[in-house]
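Next up, upload_12.txt (compact mmCIF, C-alpha atoms and all ligand atoms):
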# COMPACT_ATOMS: atom_id res chain seq x y z
CA MET A 1 6.19 -17.66 13.00
CA PRO A 2 3.24 -16.48 10.90
CA TYR A 3 3.82 -14.48 7.77
CA GLN A 4 4.59 -10.78 8.20
CA PRO A 5 4.85 -8.48 5.19
CA ASP A 6 6.94 -5.74 6.84
CA GLU A 7 10.28 -6.38 5.17
CA GLN A 8 8.76 -6.71 1.73
CA THR A 9 6.68 -3.59 2.25
CA GLU A 10 9.72 -1.64 3.38
CA GLN A 11 11.41 -2.06 -0.01
CA LEU A 12 8.46 -0.45 -1.75
CA VAL A 13 8.08 2.30 0.85
CA ASP A 14 11.79 3.07 0.48
CA ALA A 15 11.36 3.48 -3.27
CA PHE A 16 8.49 5.90 -2.64
CA LYS A 17 10.44 7.80 0.01
CA ARG A 18 13.45 8.19 -2.28
CA ALA A 19 11.28 9.42 -5.15
CA ILE A 20 9.38 11.86 -2.92
CA GLN A 21 12.71 13.16 -1.58
CA ARG A 22 13.97 13.70 -5.12
CA ILE A 23 10.82 15.59 -6.00
CA GLN A 24 11.22 17.63 -2.81
CA ASN A 25 14.78 18.48 -3.88
CA GLU A 26 13.53 19.59 -7.30
CA LEU A 27 10.96 21.83 -5.63
CA ASN A 28 13.53 23.25 -3.20
CA ARG A 29 15.88 24.11 -6.04
CA ILE A 30 13.32 26.38 -7.64
CA ASP A 31 14.42 30.02 -7.51
CA LEU A 32 11.07 31.60 -6.81
CA THR A 33 12.27 35.18 -7.22
CA ASP A 34 12.85 34.59 -10.91
CA PHE A 35 10.49 31.79 -11.80
CA GLN A 36 9.34 31.69 -15.39
CA ARG A 37 7.02 29.33 -17.26
CA ALA A 38 10.06 27.73 -18.92
CA ASN A 39 11.55 26.93 -15.48
CA ALA A 40 8.25 25.50 -14.37
CA ASN A 41 8.10 23.23 -17.39
CA ALA A 42 11.65 22.01 -16.82
CA VAL A 43 10.94 21.21 -13.16
CA MET A 44 7.76 19.40 -14.13
CA ALA A 45 9.64 17.34 -16.71
CA SER A 46 12.19 16.23 -14.10
CA ILE A 47 9.41 15.32 -11.69
CA SER A 48 7.59 13.32 -14.36
CA GLU A 49 10.78 11.39 -15.00
CA ILE A 50 11.21 10.62 -11.30
CA LEU A 51 7.64 9.33 -11.16
CA THR A 52 8.01 7.27 -14.34
CA ASN A 53 11.01 5.52 -12.79
CA LEU A 54 9.06 5.02 -9.57
CA ASN A 55 6.17 3.47 -11.51
CA GLU A 56 8.54 0.97 -13.09
CA GLU A 57 10.12 0.12 -9.77
CA ALA A 58 6.70 -0.24 -8.11
CA ALA A 59 5.35 -2.46 -10.88
CA ALA A 60 8.38 -4.75 -10.59
CA TRP A 61 8.00 -4.89 -6.81
CA VAL A 62 4.37 -5.96 -7.16
CA GLU A 63 5.26 -8.57 -9.76
CA ALA A 64 7.84 -10.11 -7.41
CA ASN A 65 6.20 -9.71 -4.02
CA VAL A 66 2.55 -10.64 -4.51
CA PRO A 67 3.54 -14.19 -5.59
CA LEU A 68 5.90 -14.38 -2.58
CA ALA A 69 3.04 -13.57 -0.21
CA ALA A 70 0.85 -16.18 -1.90
CA ARG A 71 3.64 -18.79 -1.78
CA ALA A 72 4.10 -18.18 1.95
CA GLY A 73 0.37 -18.72 2.46
CA VAL A 74 0.34 -21.96 0.47
CA ALA A 75 3.41 -23.23 2.34
CA GLU A 76 1.88 -22.47 5.75
CA SER A 77 -1.31 -24.20 4.68
CA ILE A 78 0.61 -27.32 3.65
CA VAL A 79 2.39 -27.44 7.03
CA ALA A 80 -0.78 -26.70 9.03
CA LEU A 81 -2.54 -29.61 7.32
CA GLY A 82 0.31 -31.95 8.12
CA VAL A 83 1.31 -32.70 4.54
CA VAL A 84 4.92 -32.00 5.50
CA GLU A 85 6.43 -31.00 8.80
CA THR A 86 8.49 -27.91 8.10
CA LEU A 87 8.12 -24.72 6.11
CA SER A 88 11.33 -25.40 4.25
CA GLU A 89 10.00 -28.76 3.12
CA ALA A 90 6.71 -27.09 2.21
CA ASN A 91 8.55 -24.45 0.16
CA THR A 92 9.96 -27.13 -2.10
CA ILE A 93 6.49 -28.39 -3.06
CA VAL A 94 4.54 -25.13 -3.22
CA LYS A 95 2.49 -24.86 -6.38
CA PHE A 96 -0.30 -22.46 -7.21
CA ASN A 97 -3.58 -24.23 -7.92
CA ARG A 98 -5.93 -22.77 -10.51
CA VAL A 99 -7.67 -20.50 -8.01
CA ASN A 100 -4.41 -19.22 -6.59
CA LYS A 101 -3.01 -18.55 -10.06
CA ALA A 102 -6.05 -16.42 -10.79
CA LEU A 103 -5.77 -14.76 -7.37
CA VAL A 104 -2.13 -13.79 -7.87
CA GLU A 105 -2.78 -12.43 -11.34
CA ALA A 106 -5.73 -10.37 -10.15
CA VAL A 107 -3.91 -8.95 -7.13
CA ILE A 108 -0.88 -8.02 -9.25
CA ALA A 109 -3.05 -6.10 -11.71
CA ASP A 110 -5.05 -4.51 -8.91
CA THR A 111 -2.07 -3.42 -6.84
CA GLN A 112 -0.19 -2.05 -9.83
CA ALA A 113 -3.26 0.01 -10.71
CA ASP A 114 -3.58 1.27 -7.13
CA LEU A 115 0.07 2.32 -6.96
CA LEU A 116 -0.17 3.98 -10.34
CA ALA A 117 -3.11 5.95 -8.99
CA VAL A 118 -0.87 7.15 -6.13
CA THR A 119 1.87 8.46 -8.40
CA THR A 120 -0.66 9.93 -10.85
CA ASN A 121 -2.22 11.78 -7.97
CA VAL A 122 1.15 13.05 -6.73
CA GLU A 123 1.98 14.30 -10.21
CA ARG A 124 -1.38 16.06 -10.53
CA LYS A 125 -1.04 17.76 -7.13
CA VAL A 126 2.54 18.89 -7.72
CA ARG A 127 1.77 20.11 -11.22
CA SER A 128 -1.15 22.13 -9.96
CA ALA A 129 0.94 23.64 -7.14
CA ILE A 130 3.72 24.57 -9.55
CA ARG A 131 1.19 26.17 -11.89
CA GLN A 132 -0.33 28.16 -9.05
CA VAL A 133 3.08 29.29 -7.77
CA THR A 134 4.22 30.26 -11.26
CA SER A 135 1.26 32.54 -11.81
CA GLU A 136 1.69 34.13 -8.40
CA VAL A 137 5.36 34.81 -9.03
CA LEU A 138 4.63 36.26 -12.45
CA ARG A 139 1.91 38.48 -10.98
CA GLU A 140 4.11 39.63 -8.09
CA ASN A 141 6.93 40.47 -10.47
CA LEU A 142 4.54 42.35 -12.67
CA ALA A 143 3.33 44.33 -9.65
CA SER A 144 6.86 45.07 -8.51
CA GLY A 145 7.37 47.04 -11.71
CA ILE A 146 4.52 49.24 -10.57
CA ASN A 147 5.17 49.60 -6.84
CA GLY A 148 8.92 49.91 -7.31
CA ARG A 149 9.86 46.91 -5.17
CA LYS A 150 12.62 44.80 -6.68
CA THR A 151 11.93 41.41 -5.13
CA ILE A 152 8.99 39.40 -3.87
CA ARG A 153 8.38 39.85 -0.15
CA GLY A 154 9.68 37.10 2.13
CA GLU A 155 6.30 36.14 3.55
CA ILE A 156 4.92 35.66 0.05
CA LEU A 157 7.91 33.51 -0.86
CA SER A 158 7.48 31.32 2.19
CA GLY A 159 3.77 30.99 1.41
CA LEU A 160 4.69 29.81 -2.08
CA ARG A 161 7.23 27.36 -0.66
CA LYS A 162 4.53 25.99 1.61
CA THR A 163 2.16 25.52 -1.31
CA LEU A 164 4.81 23.45 -3.09
CA GLY A 165 5.65 21.38 0.01
CA ASP A 166 2.01 20.72 0.89
CA SER A 167 1.36 19.35 -2.56
CA LEU A 168 3.70 16.47 -1.65
CA ASN A 169 2.75 16.01 1.98
CA THR A 170 -0.99 15.62 1.74
CA GLY A 171 -1.25 14.37 -1.81
CA ILE A 172 -3.57 11.42 -1.28
CA ILE A 173 -7.18 11.63 -0.12
CA ASP A 174 -8.87 8.29 0.56
CA ALA A 175 -12.52 7.29 0.21
CA SER A 176 -13.34 8.56 3.70
CA GLY A 177 -11.70 11.94 3.06
CA ARG A 178 -8.52 11.34 5.08
CA ARG A 179 -5.31 12.95 3.82
CA TRP A 180 -2.18 10.83 3.54
CA ARG A 181 1.44 11.35 2.75
CA PRO A 182 2.01 9.20 -0.34
CA GLU A 183 4.59 6.93 1.30
CA VAL A 184 2.35 6.26 4.32
CA TYR A 185 -0.58 5.50 2.07
CA THR A 186 1.63 3.21 0.01
CA GLU A 187 2.76 1.36 3.14
CA THR A 188 -0.82 0.69 4.25
CA LEU A 189 -1.81 -0.34 0.74
CA ALA A 190 1.13 -2.74 0.30
CA GLN A 191 0.82 -4.34 3.74
CA THR A 192 -2.89 -4.86 3.33
CA LYS A 193 -2.56 -6.34 -0.16
CA LEU A 194 0.18 -8.73 0.91
CA MET A 195 -1.70 -9.87 4.02
CA ASN A 196 -4.92 -10.38 2.04
CA THR A 197 -3.03 -12.29 -0.65
CA HIS A 198 -1.37 -14.46 1.95
CA ARG A 199 -4.68 -15.16 3.68
CA ASP A 200 -6.58 -15.91 0.47
CA ALA A 201 -3.80 -18.15 -0.87
CA THR A 202 -3.77 -20.06 2.44
CA LEU A 203 -7.50 -20.62 2.23
CA ASN A 204 -7.49 -21.60 -1.45
CA GLU A 205 -4.82 -24.19 -0.78
CA ALA A 206 -6.70 -25.46 2.29
CA VAL A 207 -10.02 -25.84 0.51
CA SER A 208 -8.34 -27.65 -2.40
CA ARG A 209 -7.02 -30.08 0.23
CA GLU A 210 -10.53 -30.41 1.63
CA ALA A 211 -9.92 -28.50 4.84
CA LEU A 212 -12.99 -26.33 5.38
CA TYR A 213 -12.13 -24.59 8.66
CA GLY A 214 -9.45 -22.33 10.01
CA ILE A 215 -8.27 -20.75 13.24
CA ILE A 216 -7.54 -17.06 13.44
CA SER A 217 -4.04 -16.33 14.72
CA SER A 218 -3.38 -14.67 18.09
CA HIS A 219 -0.79 -12.04 18.95
CA GLY A 220 -2.59 -10.19 21.71
CA ALA A 221 -4.27 -7.61 19.48
CA LYS A 222 -5.60 -4.50 21.20
CA ASP A 223 -8.17 -3.56 18.57
CA ALA A 224 -11.50 -5.22 17.72
CA CYS A 225 -9.57 -8.14 16.22
CA ARG A 226 -8.92 -9.41 19.74
CA ASN A 227 -12.45 -10.83 19.88
CA TYR A 228 -11.57 -13.13 17.00
CA GLU A 229 -8.17 -14.40 18.11
CA GLY A 230 -8.11 -18.18 18.34
CA ARG A 231 -11.64 -18.50 16.92
CA VAL A 232 -12.67 -21.15 14.44
CA VAL A 233 -14.06 -19.90 11.12
CA LYS A 234 -15.56 -21.66 8.11
CA LEU A 235 -13.62 -21.32 4.88
CA THR A 236 -16.69 -21.95 2.73
CA ALA A 237 -20.19 -20.70 3.46
CA ASP A 238 -21.73 -24.19 3.24
CA ALA A 239 -19.36 -25.99 5.59
CA PRO A 240 -21.31 -27.62 8.42
CA GLY A 241 -21.23 -26.18 11.92
CA ASN A 242 -22.10 -22.95 13.64
CA TYR A 243 -18.93 -20.97 12.91
CA PRO A 244 -18.66 -17.55 11.31
CA TYR A 245 -17.90 -17.72 7.58
CA ILE A 246 -14.62 -15.98 6.84
CA GLY A 247 -16.08 -14.38 3.72
CA ASN A 248 -18.46 -12.42 5.92
CA LEU A 249 -15.66 -11.17 8.15
CA ARG A 250 -13.40 -10.01 5.35
CA GLY A 251 -13.21 -6.30 4.66
CA GLY A 252 -15.22 -5.66 7.80
CA ARG A 253 -14.52 -3.22 10.58
CA ASP A 254 -13.79 -5.87 13.16
CA ILE A 255 -11.08 -8.03 11.64
CA PHE A 256 -9.05 -8.16 8.43
CA HIS A 257 -9.11 -4.36 8.33
CA PRO A 258 -6.31 -2.44 6.55
CA ARG A 259 -2.91 -3.39 8.04
CA CYS A 260 -4.49 -6.28 9.99
CA LYS A 261 -1.77 -8.80 10.85
CA HIS A 262 -4.05 -11.74 11.56
CA THR A 263 -3.62 -14.90 9.57
CA VAL A 264 -5.77 -18.00 9.33
CA SER A 265 -4.39 -21.47 9.89
CA PRO A 266 -6.46 -24.20 8.22
CA ILE A 267 -7.79 -27.21 10.13
CA ARG A 268 -9.83 -30.20 9.04
CA ASN A 269 -11.77 -30.90 12.20
CA PRO A 270 -13.06 -27.93 14.23
CA ASP A 271 -14.42 -30.08 17.08
CA ARG A 272 -10.96 -30.54 18.42
CA TYR A 273 -10.59 -26.80 19.02
CA ILE A 274 -13.75 -26.06 20.96
ZN ZN B 1 -6.19 -8.01 13.02
Spell out the structure here as structure tokens.
Amino acid sequence: MPYQPDEQTEQLVDAFKRAIQRIQNELNRIDLTDFQRANANAVMASISEILTNLNEEAAAWVEANVPLAARAGVAESIVALGVVETLSEANTIVKFNRVNKALVEAVIADTQADLLAVTTNVERKVRSAIRQVTSEVLRENLASGINGRKTIRGEILSGLRKTLGDSLNTGIIDASGRRWRPEVYTETLAQTKLMNTHRDATLNEAVSREALYGIISSHGAKDACRNYEGRVVKLTADAPGNYPYIGNLRGGRDIFHPRCKHTVSPIRNPDRYI
């Protein structure tokens, strides 16, 4: 059974969901009819605290789970190359070579930075929504002194509620302008990082054991990946033979896209698979 990052990812996504729910609760608790700057500051402080805790939890998750993904890749590589027969045997001899050590360190730093960017963005969006709502409430209350109305009209209140809610729901905008809920974005990010780590660790272990080819896994993909299932690839650009070099496929549109579940199983002799 090839590596799947779903369970690991779920732990992180749960942490994000819980934090977002707590922030949502803080926003719901706001009494908009009598919202003052001091209230706004208190709400913002609670939200900052929730996000600080989330950052710690996320950083610890990365620290624990990126090495796990890499270990799984190394273990599968060892089995695929026939060094030992079972994954459990392989797990007892897994060691990170120099390249994999560097890989794991780099991915940890990278992923922590990416997740921090998510929470920073959430905080910025929510803060800006709270600021906007506060000034609208203050202005409405000021006006009510003039027009004799005691409370803010219902439709204005629900508009303000929507502003607060939207700040959480569409907080993240990616490079191609798509809007994401933070927990969905986080799920894609985590899955992709773990799969890439697993794949790269597999290949690094394979090359260090002088296996220069790999076969792309098959699970009956429906997307463009299907054209690559079961195909032989080169693990280094200079390996002999007319096979696509995996480095040229990576990060492409066709395979190894975000959330791609395809793995690569190393082989020494590609002739046997044609
Ligand atoms: Zn795929």
Kindly provide, as a PyMOL selection string, all nucleotide and amino acid residues lying within 7 Å of ligand ZN 1 (chain B), counting only C-alpha atoms and all ligand atoms. chain A and resi 221+225+255-257+260-262
One residue among A:Ser128, A:Thr202, A:Asn227, A:Thr192 is nearest to Val94 of chain A when using only C-alpha atoms, and that residue is A:Thr202
Do a neighbour search on Pro244 of chain A at 8 Å with only C-alpha atoms, toss out local chain neighbours closer than 4 positions, and write the hits as a list in words. Val232, Val233, Lys234, Asn248 and Leu249 of chain A
Those same residues - C-alpha atoms - I'd like them written as a PDB file, in the coordinates of the input.
ATOM      1  CA  VAL A 232     -12.670 -21.150  14.440  1.00  0.00           C
ATOM      2  CA  VAL A 233     -14.060 -19.900  11.120  1.00  0.00           C
ATOM      3  CA  LYS A 234     -15.560 -21.660   8.110  1.00  0.00           C
ATOM      4  CA  ASN A 248     -18.460 -12.420   5.920  1.00  0.00           C
ATOM      5  CA  LEU A 249     -15.660 -11.170   8.150  1.00  0.00           C
TER       6      LEU A 249
END
Could you give me, as a Markdown table, a per-residue list for segment 133-229 of chain A showing, wherever an atom lies at most 12 Å from an atom of segment 237-243 of chain A, the closest pair of atoms and their distance in Å to one decimal, using only C-alpha atoms and sorting by chain then residue number from low to high?
| residue | atom | partner | partner_atom | distance |
| --- | --- | --- | --- | --- |
| A:Val207 | CA | A:Ala239 | CA | 10.6 |
| A:Glu210 | CA | A:Ala239 | CA | 10.6 |
| A:Ala211 | CA | A:Ala239 | CA | 9.8 |
| A:Leu212 | CA | A:Ala239 | CA | 6.4 |
| A:Tyr213 | CA | A:Ala239 | CA | 8.0 |
| A:Gly214 | CA | A:Tyr243 | CA | 10.0 |
| A:Ile215 | CA | A:Tyr243 | CA | 10.7 |
| A:Tyr228 | CA | A:Tyr243 | CA | 11.5 |
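Taking atom CA of Asn91 of chain A and atom CA of Leu194 of chain A as endpoints, the distance between them is 17.8 Å.
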Looking at all atoms listed in the file, which of A:Ala72, A:Ala129, A:Ile20, A:Leu54 is the one that sits closest to Leu116 of chain A? A:Leu54
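Closest approach to Ala117 of chain A from the set A:Ile267, A:Ala45, A:Ile30, A:Leu189 is made by A:Leu189, with distances taken over all atoms listed in the file.
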Would you list the residues near (7.0, 36.4, -9.0) (no more than 12 Å away, in the coordinates of the file, using only C-alpha atoms) as a PDB file with C-alpha atoms, in the coordinates of the input?
ATOM      1  CA  ILE A  30      13.320  26.380  -7.640  1.00  0.00           C
ATOM      2  CA  ASP A  31      14.420  30.020  -7.510  1.00  0.00           C
ATOM      3  CA  LEU A  32      11.070  31.600  -6.810  1.00  0.00           C
ATOM      4  CA  THR A  33      12.270  35.180  -7.220  1.00  0.00           C
ATOM      5  CA  ASP A  34      12.850  34.590 -10.910  1.00  0.00           C
ATOM      6  CA  PHE A  35      10.490  31.790 -11.800  1.00  0.00           C
ATOM      7  CA  GLN A  36       9.340  31.690 -15.390  1.00  0.00           C
ATOM      8  CA  ARG A  37       7.020  29.330 -17.260  1.00  0.00           C
ATOM      9  CA  GLN A 132      -0.330  28.160  -9.050  1.00  0.00           C
ATOM     10  CA  VAL A 133       3.080  29.290  -7.770  1.00  0.00           C
ATOM     11  CA  THR A 134       4.220  30.260 -11.260  1.00  0.00           C
ATOM     12  CA  SER A 135       1.260  32.540 -11.810  1.00  0.00           C
ATOM     13  CA  GLU A 136       1.690  34.130  -8.400  1.00  0.00           C
ATOM     14  CA  VAL A 137       5.360  34.810  -9.030  1.00  0.00           C
ATOM     15  CA  LEU A 138       4.630  36.260 -12.450  1.00  0.00           C
ATOM     16  CA  ARG A 139       1.910  38.480 -10.980  1.00  0.00           C
ATOM     17  CA  GLU A 140       4.110  39.630  -8.090  1.00  0.00           C
ATOM     18  CA  ASN A 141       6.930  40.470 -10.470  1.00  0.00           C
ATOM     19  CA  LEU A 142       4.540  42.350 -12.670  1.00  0.00           C
ATOM     20  CA  ALA A 143       3.330  44.330  -9.650  1.00  0.00           C
ATOM     21  CA  SER A 144       6.860  45.070  -8.510  1.00  0.00           C
ATOM     22  CA  GLY A 145       7.370  47.040 -11.710  1.00  0.00           C
ATOM     23  CA  ARG A 149       9.860  46.910  -5.170  1.00  0.00           C
ATOM     24  CA  LYS A 150      12.620  44.800  -6.680  1.00  0.00           C
ATOM     25  CA  THR A 151      11.930  41.410  -5.130  1.00  0.00           C
ATOM     26  CA  ILE A 152       8.990  39.400  -3.870  1.00  0.00           C
ATOM     27  CA  ARG A 153       8.380  39.850  -0.150  1.00  0.00           C
ATOM     28  CA  GLY A 154       9.680  37.100   2.130  1.00  0.00           C
ATOM     29  CA  ILE A 156       4.920  35.660   0.050  1.00  0.00           C
ATOM     30  CA  LEU A 157       7.910  33.510  -0.860  1.00  0.00           C
ATOM     31  CA  LEU A 160       4.690  29.810  -2.080  1.00  0.00           C
TER      32      LEU A 160
END
N, CA, C and O atoms restored at segment 76-97 of chain A, emitted as a PDB file, in the frame of the given file:
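Full text of part-v7.pdb as output:
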ATOM      1  N   GLU A  76       2.397 -22.352   4.379  1.00  0.00           N
ATOM      2  CA  GLU A  76       1.880 -22.470   5.750  1.00  0.00           C
ATOM      3  C   GLU A  76       0.671 -23.393   5.804  1.00  0.00           C
ATOM      4  O   GLU A  76       0.478 -24.144   6.769  1.00  0.00           O
ATOM      5  N   SER A  77      -0.133 -23.339   4.757  1.00  0.00           N
ATOM      6  CA  SER A  77      -1.310 -24.200   4.680  1.00  0.00           C
ATOM      7  C   SER A  77      -0.874 -25.676   4.638  1.00  0.00           C
ATOM      8  O   SER A  77      -1.428 -26.519   5.338  1.00  0.00           O
ATOM      9  N   ILE A  78       0.129 -25.942   3.817  1.00  0.00           N
ATOM     10  CA  ILE A  78       0.610 -27.320   3.650  1.00  0.00           C
ATOM     11  C   ILE A  78       1.144 -27.863   4.981  1.00  0.00           C
ATOM     12  O   ILE A  78       0.880 -29.014   5.340  1.00  0.00           O
ATOM     13  N   VAL A  79       1.854 -27.012   5.723  1.00  0.00           N
ATOM     14  CA  VAL A  79       2.390 -27.440   7.030  1.00  0.00           C
ATOM     15  C   VAL A  79       1.240 -27.624   8.032  1.00  0.00           C
ATOM     16  O   VAL A  79       1.170 -28.635   8.741  1.00  0.00           O
ATOM     17  N   ALA A  80       0.327 -26.637   8.059  1.00  0.00           N
ATOM     18  CA  ALA A  80      -0.780 -26.700   9.030  1.00  0.00           C
ATOM     19  C   ALA A  80      -1.597 -27.975   8.840  1.00  0.00           C
ATOM     20  O   ALA A  80      -2.101 -28.546   9.806  1.00  0.00           O
ATOM     21  N   LEU A  81      -1.721 -28.423   7.598  1.00  0.00           N
ATOM     22  CA  LEU A  81      -2.540 -29.610   7.320  1.00  0.00           C
ATOM     23  C   LEU A  81      -1.738 -30.898   7.439  1.00  0.00           C
ATOM     24  O   LEU A  81      -2.240 -31.982   7.153  1.00  0.00           O
ATOM     25  N   GLY A  82      -0.489 -30.767   7.831  1.00  0.00           N
ATOM     26  CA  GLY A  82       0.310 -31.950   8.120  1.00  0.00           C
ATOM     27  C   GLY A  82       0.820 -32.699   6.907  1.00  0.00           C
ATOM     28  O   GLY A  82       1.236 -33.857   7.015  1.00  0.00           O
ATOM     29  N   VAL A  83       0.798 -32.035   5.749  1.00  0.00           N
ATOM     30  CA  VAL A  83       1.310 -32.700   4.540  1.00  0.00           C
ATOM     31  C   VAL A  83       2.817 -32.910   4.676  1.00  0.00           C
ATOM     32  O   VAL A  83       3.336 -33.975   4.354  1.00  0.00           O
ATOM     33  N   VAL A  84       3.502 -31.892   5.144  1.00  0.00           N
ATOM     34  CA  VAL A  84       4.920 -32.000   5.500  1.00  0.00           C
ATOM     35  C   VAL A  84       5.102 -31.328   6.859  1.00  0.00           C
ATOM     36  O   VAL A  84       4.187 -30.673   7.353  1.00  0.00           O
ATOM     37  N   GLU A  85       6.273 -31.491   7.439  1.00  0.00           N
ATOM     38  CA  GLU A  85       6.430 -31.000   8.800  1.00  0.00           C
ATOM     39  C   GLU A  85       6.991 -29.587   8.900  1.00  0.00           C
ATOM     40  O   GLU A  85       6.681 -28.858   9.836  1.00  0.00           O
ATOM     41  N   THR A  86       7.843 -29.212   7.955  1.00  0.00           N
ATOM     42  CA  THR A  86       8.490 -27.910   8.100  1.00  0.00           C
ATOM     43  C   THR A  86       8.187 -27.008   6.917  1.00  0.00           C
ATOM     44  O   THR A  86       7.863 -27.472   5.819  1.00  0.00           O
ATOM     45  N   LEU A  87       8.332 -25.699   7.167  1.00  0.00           N
ATOM     46  CA  LEU A  87       8.120 -24.720   6.110  1.00  0.00           C
ATOM     47  C   LEU A  87       9.109 -24.895   4.979  1.00  0.00           C
ATOM     48  O   LEU A  87       8.765 -24.714   3.805  1.00  0.00           O
ATOM     49  N   SER A  88      10.348 -25.267   5.333  1.00  0.00           N
ATOM     50  CA  SER A  88      11.330 -25.400   4.250  1.00  0.00           C
ATOM     51  C   SER A  88      10.993 -26.596   3.355  1.00  0.00           C
ATOM     52  O   SER A  88      11.159 -26.523   2.137  1.00  0.00           O
ATOM     53  N   GLU A  89      10.482 -27.653   3.949  1.00  0.00           N
ATOM     54  CA  GLU A  89      10.000 -28.760   3.120  1.00  0.00           C
ATOM     55  C   GLU A  89       8.820 -28.286   2.258  1.00  0.00           C
ATOM     56  O   GLU A  89       8.734 -28.581   1.065  1.00  0.00           O
ATOM     57  N   ALA A  90       7.902 -27.563   2.914  1.00  0.00           N
ATOM     58  CA  ALA A  90       6.710 -27.090   2.210  1.00  0.00           C
ATOM     59  C   ALA A  90       7.107 -26.209   1.024  1.00  0.00           C
ATOM     60  O   ALA A  90       6.544 -26.325  -0.070  1.00  0.00           O
ATOM     61  N   ASN A  91       8.120 -25.354   1.239  1.00  0.00           N
ATOM     62  CA  ASN A  91       8.550 -24.450   0.160  1.00  0.00           C
ATOM     63  C   ASN A  91       8.994 -25.183  -1.100  1.00  0.00           C
ATOM     64  O   ASN A  91       8.894 -24.640  -2.188  1.00  0.00           O
ATOM     65  N   THR A  92       9.493 -26.404  -0.919  1.00  0.00           N
ATOM     66  CA  THR A  92       9.960 -27.130  -2.100  1.00  0.00           C
ATOM     67  C   THR A  92       8.796 -27.716  -2.903  1.00  0.00           C
ATOM     68  O   THR A  92       8.981 -28.095  -4.059  1.00  0.00           O
ATOM     69  N   ILE A  93       7.617 -27.808  -2.304  1.00  0.00           N
ATOM     70  CA  ILE A  93       6.490 -28.390  -3.060  1.00  0.00           C
ATOM     71  C   ILE A  93       5.355 -27.399  -3.326  1.00  0.00           C
ATOM     72  O   ILE A  93       4.305 -27.763  -3.832  1.00  0.00           O
ATOM     73  N   VAL A  94       5.591 -26.138  -2.984  1.00  0.00           N
ATOM     74  CA  VAL A  94       4.540 -25.130  -3.220  1.00  0.00           C
ATOM     75  C   VAL A  94       4.228 -25.026  -4.708  1.00  0.00           C
ATOM     76  O   VAL A  94       5.126 -24.886  -5.535  1.00  0.00           O
ATOM     77  N   LYS A  95       2.945 -25.124  -5.013  1.00  0.00           N
ATOM     78  CA  LYS A  95       2.490 -24.860  -6.380  1.00  0.00           C
ATOM     79  C   LYS A  95       1.193 -24.085  -6.275  1.00  0.00           C
ATOM     80  O   LYS A  95       0.431 -24.289  -5.341  1.00  0.00           O
ATOM     81  N   PHE A  96       0.965 -23.176  -7.224  1.00  0.00           N
ATOM     82  CA  PHE A  96      -0.300 -22.460  -7.210  1.00  0.00           C
ATOM     83  C   PHE A  96      -1.357 -23.295  -7.920  1.00  0.00           C
ATOM     84  O   PHE A  96      -1.166 -23.658  -9.083  1.00  0.00           O
ATOM     85  N   ASN A  97      -2.453 -23.589  -7.221  1.00  0.00           N
ATOM     86  CA  ASN A  97      -3.580 -24.230  -7.920  1.00  0.00           C
ATOM     87  C   ASN A  97      -4.264 -23.180  -8.810  1.00  0.00           C
ATOM     88  O   ASN A  97      -3.893 -22.011  -8.800  1.00  0.00           O
TER      89      ASN A  97
END
